[in-house]
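Colleague: Input file: query_17.cif. Contents: mmCIF, C-alpha atoms.
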```
data_structure
loop_
_atom_site.label_atom_id
_atom_site.label_comp_id
_atom_site.auth_asym_id
_atom_site.auth_seq_id
_atom_site.Cartn_x
_atom_site.Cartn_y
_atom_site.Cartn_z
CA MET F 22 11.37 28.10 -17.08
CA GLN F 23 9.81 28.09 -13.62
CA ILE F 24 6.07 28.71 -13.39
CA HIS F 25 4.43 30.02 -10.21
CA ASP F 26 0.92 31.16 -9.39
CA ILE F 27 2.34 34.42 -8.03
CA VAL F 28 5.65 36.23 -8.49
CA ILE F 29 6.33 39.14 -6.15
CA ILE F 30 8.87 41.67 -7.37
CA GLY F 31 10.64 43.14 -4.34
CA GLY F 32 11.74 41.61 -1.06
CA GLY F 33 11.27 44.61 1.21
CA GLN F 34 8.59 45.09 3.84
CA MET F 35 5.65 44.85 1.42
CA GLY F 36 7.00 41.79 -0.37
CA LEU F 37 7.69 40.02 2.94
CA SER F 38 4.26 40.93 4.34
CA LEU F 39 2.52 39.54 1.27
CA GLY F 40 4.78 36.48 1.42
CA TYR F 41 3.68 35.86 5.00
CA TYR F 42 0.00 35.71 4.01
CA LEU F 43 0.65 33.69 0.87
CA ARG F 44 2.68 31.17 2.91
CA ARG F 45 -0.23 30.86 5.36
CA ALA F 46 -2.60 30.28 2.42
CA LYS F 47 -0.22 27.61 1.04
CA ALA F 48 -0.01 29.50 -2.25
CA ASP F 49 2.61 28.78 -4.89
CA PHE F 50 4.70 31.97 -4.96
CA LEU F 51 8.21 33.28 -5.38
CA ILE F 52 9.75 36.59 -4.30
CA LEU F 53 12.36 38.11 -6.62
CA ASP F 54 14.56 40.72 -4.97
CA GLY F 55 17.23 42.87 -6.61
CA GLU F 56 19.25 43.35 -3.44
CA ASN F 57 22.30 41.32 -2.42
CA GLY F 58 20.76 40.55 0.97
CA PRO F 59 17.70 41.09 3.16
CA GLY F 60 16.47 44.53 4.20
CA GLY F 61 14.94 46.07 1.08
CA ALA F 62 15.42 49.82 0.84
CA TRP F 63 16.74 49.92 4.40
CA ARG F 64 20.05 48.61 3.02
CA HIS F 65 20.48 51.98 1.28
CA GLY F 66 19.38 54.27 4.09
CA TRP F 67 21.79 56.74 5.63
CA GLY F 68 23.65 55.67 8.75
CA SER F 69 21.53 57.58 11.26
CA LEU F 70 18.16 56.57 9.75
CA ARG F 71 15.65 55.54 12.41
CA LEU F 72 12.02 54.58 12.62
CA PHE F 73 9.64 57.27 13.85
CA SER F 74 7.82 54.90 16.19
CA PRO F 75 8.55 52.14 18.69
CA ALA F 76 9.42 48.72 17.32
CA GLY F 77 6.02 47.22 18.13
CA TYR F 78 4.27 49.71 15.85
CA SER F 79 6.54 48.91 12.92
CA SER F 80 6.11 45.15 12.85
CA LEU F 81 5.27 42.97 9.91
CA PRO F 82 2.37 40.52 10.18
CA GLY F 83 2.83 37.52 12.43
CA TRP F 84 5.80 38.68 14.49
CA LEU F 85 6.37 41.81 16.57
CA MET F 86 9.63 43.60 15.92
CA PRO F 87 11.74 43.16 19.05
CA PRO F 88 12.54 46.39 20.90
CA PRO F 89 16.11 47.55 20.32
CA ASP F 90 18.76 46.98 22.96
CA HIS F 91 19.55 50.70 23.02
CA LYS F 92 17.70 53.93 23.79
CA GLY F 93 15.47 55.40 21.13
CA TYR F 94 13.58 54.04 18.18
CA PRO F 95 14.95 51.22 16.02
CA THR F 96 17.83 52.16 13.74
CA ARG F 97 18.39 51.20 10.12
CA ASP F 98 20.50 48.25 11.25
CA ASP F 99 17.84 47.13 13.74
CA VAL F 100 15.27 47.07 10.93
CA ILE F 101 17.60 45.15 8.60
CA ASP F 102 18.24 42.60 11.36
CA TYR F 103 14.49 42.20 11.93
CA LEU F 104 13.74 41.77 8.23
CA THR F 105 16.57 39.21 7.94
CA LEU F 106 15.19 37.19 10.85
CA TYR F 107 11.64 37.54 9.50
CA GLU F 108 12.67 35.94 6.20
CA GLU F 109 14.34 33.09 8.06
CA ARG F 110 11.47 32.64 10.54
CA TYR F 111 8.87 32.17 7.80
CA LYS F 112 11.20 30.48 5.30
CA LEU F 113 9.99 32.73 2.53
CA PRO F 114 11.00 31.66 -1.00
CA ILE F 115 13.23 34.53 -2.06
CA ARG F 116 15.73 34.67 -4.90
CA ARG F 117 18.37 37.36 -4.94
CA PRO F 118 19.98 39.22 -6.42
CA VAL F 119 17.53 39.07 -9.31
CA ARG F 120 16.76 42.25 -11.28
CA VAL F 121 13.44 42.23 -13.08
CA GLU F 122 13.80 43.85 -16.49
CA ALA F 123 10.26 43.49 -17.85
CA VAL F 124 6.87 41.89 -17.34
CA GLU F 125 5.10 40.87 -20.54
CA ARG F 126 1.89 39.08 -21.49
CA ALA F 127 2.58 35.55 -22.70
CA GLU F 128 -0.76 33.72 -22.57
CA PRO F 129 -1.72 31.93 -20.46
CA HIS F 130 0.80 33.55 -18.08
CA LEU F 131 2.75 36.71 -17.51
CA LEU F 132 6.41 36.45 -18.44
CA VAL F 133 8.80 37.97 -15.89
CA ARG F 134 12.10 38.69 -17.63
CA THR F 135 15.10 39.00 -15.33
CA ASP F 136 18.86 39.26 -15.52
CA THR F 137 19.08 35.63 -14.36
CA GLY F 138 16.43 34.07 -16.61
CA ASP F 139 12.70 34.17 -17.15
CA PHE F 140 9.83 33.16 -14.87
CA ALA F 141 6.14 32.69 -15.66
CA ALA F 142 3.28 33.54 -13.33
CA ARG F 143 -0.49 33.82 -13.37
CA ASN F 144 -0.19 36.94 -11.21
CA VAL F 145 2.62 39.43 -10.62
CA VAL F 146 2.79 41.87 -7.72
CA SER F 147 5.07 44.89 -7.86
CA ALA F 148 6.36 45.56 -4.34
CA THR F 149 9.43 47.53 -5.36
CA GLY F 150 8.80 50.79 -3.56
CA ASN F 151 10.52 53.86 -4.93
CA TRP F 152 14.03 53.69 -3.53
CA SER F 153 15.68 52.51 -6.74
CA ASN F 154 13.76 55.02 -8.86
CA PRO F 155 13.29 58.17 -6.77
CA TYR F 156 10.89 60.81 -8.08
CA ILE F 157 12.33 64.28 -8.54
CA PRO F 158 9.69 66.77 -9.71
CA ASP F 159 10.45 68.81 -12.80
CA VAL F 160 10.40 72.28 -11.26
CA PRO F 161 10.88 75.06 -13.83
CA GLY F 162 14.37 76.52 -13.50
CA ARG F 163 15.71 73.61 -11.46
CA GLU F 164 18.56 73.08 -13.93
CA LEU F 165 19.70 76.69 -13.32
CA PHE F 166 20.30 76.12 -9.61
CA LYS F 167 24.07 76.05 -8.99
CA GLY F 168 23.93 74.31 -5.60
CA CYS F 169 23.70 70.65 -4.70
CA GLN F 170 20.36 68.86 -5.16
CA VAL F 171 20.03 65.54 -3.31
CA HIS F 172 17.05 63.20 -3.12
CA SER F 173 16.59 61.45 0.23
CA ALA F 174 17.45 58.19 -1.55
CA HIS F 175 20.98 59.57 -1.96
CA TYR F 176 21.32 61.48 1.32
CA GLU F 177 24.18 60.14 3.45
CA ARG F 178 24.95 62.37 6.42
CA PRO F 179 24.28 65.85 7.80
CA GLU F 180 28.00 66.73 7.92
CA ASP F 181 27.93 67.06 4.12
CA PHE F 182 25.84 70.24 4.58
CA ALA F 183 27.61 71.83 7.56
CA GLY F 184 27.68 75.64 7.36
CA GLN F 185 25.46 75.79 4.27
CA THR F 186 21.92 76.97 3.67
CA VAL F 187 19.69 73.97 3.00
CA LEU F 188 16.10 73.72 1.83
CA VAL F 189 14.43 70.41 2.68
CA VAL F 190 11.45 69.74 0.42
CA GLY F 191 8.90 67.18 1.60
CA GLY F 192 7.03 66.55 4.80
CA GLY F 193 7.31 62.78 5.11
CA ASN F 194 9.38 60.90 7.66
CA SER F 195 12.56 61.12 5.58
CA GLY F 196 12.23 64.88 5.14
CA ALA F 197 11.52 65.36 8.83
CA GLN F 198 14.53 63.33 9.94
CA ILE F 199 16.85 64.98 7.43
CA MET F 200 15.63 68.41 8.54
CA ALA F 201 16.20 67.55 12.21
CA GLU F 202 19.76 66.40 11.50
CA VAL F 203 20.81 69.08 9.04
CA ALA F 204 19.37 71.90 11.16
CA LEU F 205 21.99 71.18 13.82
CA LEU F 206 24.83 71.95 11.39
CA ALA F 207 23.38 74.28 8.76
CA ARG F 208 20.86 77.05 8.20
CA ALA F 209 17.95 74.78 7.31
CA LEU F 210 14.57 75.72 5.87
CA TRP F 211 11.72 73.26 5.47
#
```
Can you turn what I pasted into structure tokens?

Modeller:
Amino acid sequence: MQIHDIVIIGGGQMGLSLGYYLRRAKADFLILDGENGPGGAWRHGWGSLRLFSPAGYSSLPGWLMPPPDHKGYPTRDDVIDYLTLYEERYKLPIRRPVRVEAVERAEPHLLVRTDTGDFAARNVVSATGNWSNPYIPDVPGRELFKGCQVHSAHYERPEDFAGQTVLVVGGGNSGAQIMAEVALLARALW
């Protein structure tokens, strides 16, 4: 079993950012990522997903995100490309696809159980985000609603809602972009 000072669970933006600083500090660490390739949650975003700011404001530590070679803010694919190059640039120690199943105390370490074997670490950082486990509030009567209910983690394209009445719940960037897209094709309420 491999033993590291630090195991980071998740190879998205947070995991890579932490990896950057740990690499600079010459720490013994490993990043475990459940995805098949770089990009974190961006790999699952809908096709038209974009950042809400210019590339330079969405950079990870150490390297500015290059501006896209098209008009507008960086797209999902631009972000995935940047994160891929970031991993390569800093030669971050990432294993994938590795799904973490549990973290348990096993003195003097923490035991990280995965689908590919176990790892031991003095410290474990969860940098998994919420994409793989989206939160859907338990609203009374929700199960009685006969229409479609979709979390942004499963949203694909505005055309799926053309001609319908849609209620977008949530005021974050995902909700705002979904509202802007769906409102062009449906009666949309926010």

Colleague: Smallest atom-to-atom distance to Thr105 in chain F: which of F:Arg208, F:Arg120, F:Arg64, F:His130, using only C-alpha atoms?

Modeller: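 Using only C-alpha atoms, the shortest distance to Thr105 in chain F belongs to F:Arg64.
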
Colleague: What is the CA of Ala62 in chain F to CA of Arg97 in chain F distance in Å?

Modeller: 9.8 Å

Colleague: Quick one, how far is CA of Thr186 in chain F from CA of Ala209 in chain F?

Modeller: 5.8 Å

Colleague: Can you tell me, as a PyMOL selection string, which residues sit within 9 Å of (10.5, 32.9, -2.6) in the file's frame, using all atoms listed in the file?

Modeller: chain F and resi 28-29+32+40+50-53+112-116

Colleague: Nearest to Val145 in chain F: which of F:Gly162, F:Gly77, F:Gly55, F:Gly36 is it, counting only C-alpha atoms?

Modeller: F:Gly36

Colleague: Would you kindly translate the PyMOL selection byres ((chain F and resi 206) around 8) into the concrete residues it picks from this file, as a PyMOL selection string?

Modeller: chain F and resi 179-180+182-184+202-205+207-208

Colleague: On this file, the PyMOL selection byres ((chain F and resi 81) around 12) gives some set of residues; write that set as JSON, numbers by chain.

Modeller: {"F": [33, 34, 35, 36, 37, 38, 39, 40, 41, 42, 76, 77, 78, 79, 80, 82, 83, 84, 85, 86, 87, 100, 103, 104, 106, 107, 108, 111]}

Colleague: In Å, with one decimal, what is the gap from CA of Pro75 in chain F to CA of Thr96 in chain F?

Modeller: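 So the two atoms, CA of Pro75 in chain F and CA of Thr96 in chain F, lie 10.5 Å apart.
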